[in-house]
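Report on the following structure.
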Amino acid sequence: MFTEAEKAYLQGQRLTRIATVSADLQPDVAPVVFKFDEGRFYVGGYDLQRTRKYKNVLQNARVSLVVDDLVAVEPWTPRGIRIHGQADIVPSPEEGEQIRITPAVKWSWGINQPAIKDGKDVIDKATGT
């Protein structure tokens, strides 16, 4: 699913934002540290079972991630990857449990030029990229 350039970018990043949905359909976004391995994302953390994201994933497996950064301000050079996927809870040797995200669709900008969604060139009308 990911190009070699996207894989290299994700391996070099550590912070993402995860969006989950509660049982009453309230969206929640949280910055988290992640690992990218074999095309999947892993999110753990201190006392994970008490977090909103963990509880939300137990109720609704649909999640989104955004991994992005700003290469330069002049010229304005943002880059990143947005992912929609399915989450589940899996064992973690270091932390007991972790959230595993399996991507279903992804968009990228500033990494592969032009922007690519699942192998097709696109421009995101919201960001202009």
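Ligands are numbered from 1 in the order shown, chains are lettered A, B, ... in the order of the structure tokens, and residues start at 1 in each chain.
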
Test item, alpha helix (DSSP H) assignment across segment 49-105 of chain A, answer as a count of residues only: 8

May I have a table of the residues of segment 29-123 of chain A lying at most 10 Å from segment 3-25 of chain A, giving each one's closest pair of atoms and their distance in Å to one decimal, counting only C-alpha atoms, ordered by chain and ascending residue number, as CSV?
```
residue,atom,partner,partner_atom,distance
A:Val29,CA,A:Ala19,CA,4.3
A:Ala30,CA,A:Arg17,CA,5.4
A:Pro31,CA,A:Arg17,CA,4.2
A:Val32,CA,A:Thr16,CA,5.5
A:Val33,CA,A:Leu15,CA,4.7
A:Phe34,CA,A:Arg14,CA,5.6
A:Lys35,CA,A:Arg14,CA,7.0
A:Phe36,CA,A:Gln11,CA,6.3
A:Asp37,CA,A:Gln11,CA,8.3
A:Glu38,CA,A:Lys7,CA,9.4
A:Gly39,CA,A:Lys7,CA,8.1
A:Phe41,CA,A:Leu10,CA,9.5
A:Val43,CA,A:Ile18,CA,9.0
A:Arg52,CA,A:Ser22,CA,8.1
A:Lys53,CA,A:Thr20,CA,6.0
A:Tyr54,CA,A:Thr20,CA,8.8
A:Lys55,CA,A:Ser22,CA,7.7
A:Asn56,CA,A:Ser22,CA,4.7
A:Val57,CA,A:Thr20,CA,6.7
A:Leu58,CA,A:Ser22,CA,9.1
A:Gln59,CA,A:Ala23,CA,5.8
A:Asn60,CA,A:Val21,CA,6.4
A:Ala61,CA,A:Thr20,CA,8.0
A:Arg62,CA,A:Thr20,CA,6.8
A:Val63,CA,A:Thr20,CA,5.0
A:Ser64,CA,A:Ala19,CA,5.0
A:Leu65,CA,A:Ile18,CA,4.6
A:Val66,CA,A:Arg17,CA,5.4
A:Val67,CA,A:Thr16,CA,4.7
A:Asp68,CA,A:Thr16,CA,7.4
A:Asp69,CA,A:Gln13,CA,8.8
A:Arg79,CA,A:Tyr9,CA,9.5
A:Gly80,CA,A:Tyr9,CA,8.4
A:Ile81,CA,A:Glu6,CA,7.9
A:Arg82,CA,A:Arg17,CA,9.6
A:Ile83,CA,A:Ile18,CA,9.5
A:His84,CA,A:Ala19,CA,9.4
A:Ala87,CA,A:Thr20,CA,9.4
A:Ile101,CA,A:Ile18,CA,9.9
A:Ser108,CA,A:Glu6,CA,7.9
A:Trp109,CA,A:Glu6,CA,9.7
A:Gly110,CA,A:Glu6,CA,9.9
A:Ile111,CA,A:Glu6,CA,6.5
A:Asn112,CA,A:Ala5,CA,6.9
A:Ile116,CA,A:Thr3,CA,9.6
A:Asp118,CA,A:Thr3,CA,9.6
A:Gly119,CA,A:Thr3,CA,8.7
```

Next, the residues of the selection above should be written as a CSV table (one decimal), in the first residue's frame with N, CA and C atoms.
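Generated file (part-v4.csv):
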```csv
chain,number,residue,atom,x,y,z
A,29,VAL,N,-9.5,13.2,19.1
A,29,VAL,CA,-8.2,13.2,18.4
A,29,VAL,C,-7.2,13.4,19.5
A,30,ALA,N,-6.1,12.6,19.4
A,30,ALA,CA,-5.1,12.6,20.4
A,30,ALA,C,-3.7,12.5,19.8
A,31,PRO,N,-2.7,13.3,20.2
A,31,PRO,CA,-1.3,13.0,19.7
A,31,PRO,C,-0.8,11.8,20.4
A,32,VAL,N,-0.1,10.9,19.6
A,32,VAL,CA,0.5,9.7,20.2
A,32,VAL,C,1.8,9.4,19.5
A,33,VAL,N,2.6,8.7,20.2
A,33,VAL,CA,3.8,8.1,19.7
A,33,VAL,C,3.4,6.8,19.0
A,34,PHE,N,4.1,6.5,17.8
A,34,PHE,CA,3.7,5.3,17.1
A,34,PHE,C,4.9,4.5,16.6
A,35,LYS,N,4.7,3.3,16.3
A,35,LYS,CA,5.7,2.5,15.5
A,35,LYS,C,5.0,2.1,14.2
A,36,PHE,N,5.8,2.0,13.2
A,36,PHE,CA,5.3,1.6,11.9
A,36,PHE,C,6.1,0.3,11.5
A,37,ASP,N,5.4,-0.8,11.3
A,37,ASP,CA,6.1,-2.0,11.0
A,37,ASP,C,5.2,-2.9,10.1
A,38,GLU,N,5.8,-3.4,9.0
A,38,GLU,CA,5.1,-4.3,8.1
A,38,GLU,C,3.8,-3.7,7.6
A,39,GLY,N,3.8,-2.4,7.4
A,39,GLY,CA,2.6,-1.7,6.8
A,39,GLY,C,1.5,-1.4,7.8
A,41,PHE,N,0.4,0.3,11.9
A,41,PHE,CA,0.8,1.2,12.9
A,41,PHE,C,0.5,0.6,14.3
A,43,VAL,N,0.2,1.7,18.4
A,43,VAL,CA,0.2,2.8,19.4
A,43,VAL,C,0.0,2.2,20.8
A,52,ARG,N,-9.0,7.3,26.5
A,52,ARG,CA,-10.2,7.4,25.7
A,52,ARG,C,-10.0,6.6,24.4
A,53,LYS,N,-8.9,6.7,23.8
A,53,LYS,CA,-8.6,6.0,22.5
A,53,LYS,C,-8.8,4.5,22.6
A,54,TYR,N,-8.3,4.0,23.7
A,54,TYR,CA,-8.4,2.5,23.9
A,54,TYR,C,-9.9,2.1,24.1
A,55,LYS,N,-10.6,2.8,24.9
A,55,LYS,CA,-12.0,2.5,25.2
A,55,LYS,C,-12.8,2.7,23.9
A,56,ASN,N,-12.5,3.8,23.1
A,56,ASN,CA,-13.2,4.0,21.8
A,56,ASN,C,-13.0,2.9,20.9
A,57,VAL,N,-11.7,2.4,20.7
A,57,VAL,CA,-11.4,1.3,19.8
A,57,VAL,C,-12.2,0.0,20.2
A,58,LEU,N,-12.4,-0.2,21.5
A,58,LEU,CA,-13.2,-1.4,21.9
A,58,LEU,C,-14.6,-1.3,21.4
A,59,GLN,N,-15.1,-0.1,21.3
A,59,GLN,CA,-16.5,0.1,20.8
A,59,GLN,C,-16.7,0.3,19.3
A,60,ASN,N,-15.6,0.9,18.7
A,60,ASN,CA,-15.7,1.2,17.3
A,60,ASN,C,-14.3,1.1,16.7
A,61,ALA,N,-14.1,0.2,15.8
A,61,ALA,CA,-12.7,-0.1,15.3
A,61,ALA,C,-12.2,0.9,14.2
A,62,ARG,N,-13.1,1.8,13.8
A,62,ARG,CA,-12.7,2.7,12.7
A,62,ARG,C,-11.9,3.8,13.3
A,63,VAL,N,-10.7,4.1,12.7
A,63,VAL,CA,-9.8,5.1,13.2
A,63,VAL,C,-9.2,5.8,12.0
A,64,SER,N,-8.6,7.0,12.3
A,64,SER,CA,-7.9,7.8,11.3
A,64,SER,C,-6.6,8.2,11.9
A,65,LEU,N,-5.5,8.3,11.1
A,65,LEU,CA,-4.2,8.8,11.6
A,65,LEU,C,-3.8,9.9,10.6
A,66,VAL,N,-3.0,10.9,11.2
A,66,VAL,CA,-2.3,11.9,10.3
A,66,VAL,C,-0.9,11.9,10.9
A,67,VAL,N,0.1,11.7,10.0
A,67,VAL,CA,1.5,11.8,10.3
A,67,VAL,C,2.0,12.9,9.4
A,68,ASP,N,2.4,14.0,9.9
A,68,ASP,CA,2.8,15.1,9.1
A,68,ASP,C,3.9,16.0,9.7
A,69,ASP,N,4.6,16.8,8.9
A,69,ASP,CA,5.5,17.7,9.4
A,69,ASP,C,5.7,18.8,8.4
A,79,ARG,N,4.4,18.2,4.4
A,79,ARG,CA,4.3,16.8,3.9
A,79,ARG,C,3.7,15.9,4.9
A,80,GLY,N,3.1,14.8,4.4
A,80,GLY,CA,2.4,14.0,5.4
A,80,GLY,C,1.6,12.8,4.7
A,81,ILE,N,1.0,12.0,5.6
A,81,ILE,CA,0.2,10.9,5.2
A,81,ILE,C,-1.0,10.9,6.1
A,82,ARG,N,-2.2,10.7,5.5
A,82,ARG,CA,-3.4,10.5,6.2
A,82,ARG,C,-3.9,9.1,6.0
A,83,ILE,N,-4.4,8.4,7.0
A,83,ILE,CA,-4.8,7.0,6.9
A,83,ILE,C,-6.2,6.9,7.5
A,84,HIS,N,-7.0,6.1,6.9
A,84,HIS,CA,-8.2,5.6,7.5
A,84,HIS,C,-8.0,4.1,7.6
A,87,ALA,N,-8.8,-0.7,13.7
A,87,ALA,CA,-7.9,-0.9,14.8
A,87,ALA,C,-8.4,-2.1,15.6
A,101,ILE,N,-3.2,-0.6,14.1
A,101,ILE,CA,-4.0,0.0,13.0
A,101,ILE,C,-3.6,-0.6,11.7
A,108,SER,N,-1.3,10.9,0.6
A,108,SER,CA,0.0,11.5,1.0
A,108,SER,C,0.2,12.8,0.2
A,109,TRP,N,1.0,13.7,0.8
A,109,TRP,CA,1.3,14.9,0.1
A,109,TRP,C,2.8,15.3,0.5
A,110,GLY,N,3.5,15.9,-0.5
A,110,GLY,CA,4.8,16.3,-0.2
A,110,GLY,C,5.9,15.2,-0.1
A,111,ILE,N,5.4,14.0,-0.2
A,111,ILE,CA,6.4,12.8,-0.2
A,111,ILE,C,6.5,12.2,-1.6
A,112,ASN,N,5.4,11.9,-2.2
A,112,ASN,CA,5.4,11.5,-3.6
A,112,ASN,C,4.7,12.7,-4.3
A,116,ILE,N,-0.7,11.3,-3.9
A,116,ILE,CA,-1.1,10.0,-4.3
A,116,ILE,C,-2.1,9.4,-3.3
A,118,ASP,N,-3.9,5.8,-2.9
A,118,ASP,CA,-3.9,4.4,-3.4
A,118,ASP,C,-3.4,4.3,-4.8
A,119,GLY,N,-2.3,4.9,-5.1
A,119,GLY,CA,-1.7,4.8,-6.4
A,119,GLY,C,-2.2,5.7,-7.5
```

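Counting only C-alpha atoms, segment 95-99 of chain A has the following residues at most 6 Å away, ignoring those fewer than 3 positions along the same chain: Tyr42, Val43, Gly44, Asp88, Ile89, Val90, Pro91 and Ser92 of chain A.
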
Length of the atom CA of Pro103 of chain A to atom CA of Arg40 of chain A vector [Å]: 6.8 Å

Distance of atom CA of Gln49 of chain A from atom CA of Arg100 of chain A, expressed in Å to one decimal place: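 It comes out at 13.8 Å.
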
Strand (DSSP E or B) per DSSP on the backbone: members of chain A, as a PyMOL selection string: chain A and resi 15-21+27-37+40-43+62-72+77-92+96-109+116-117+120-121
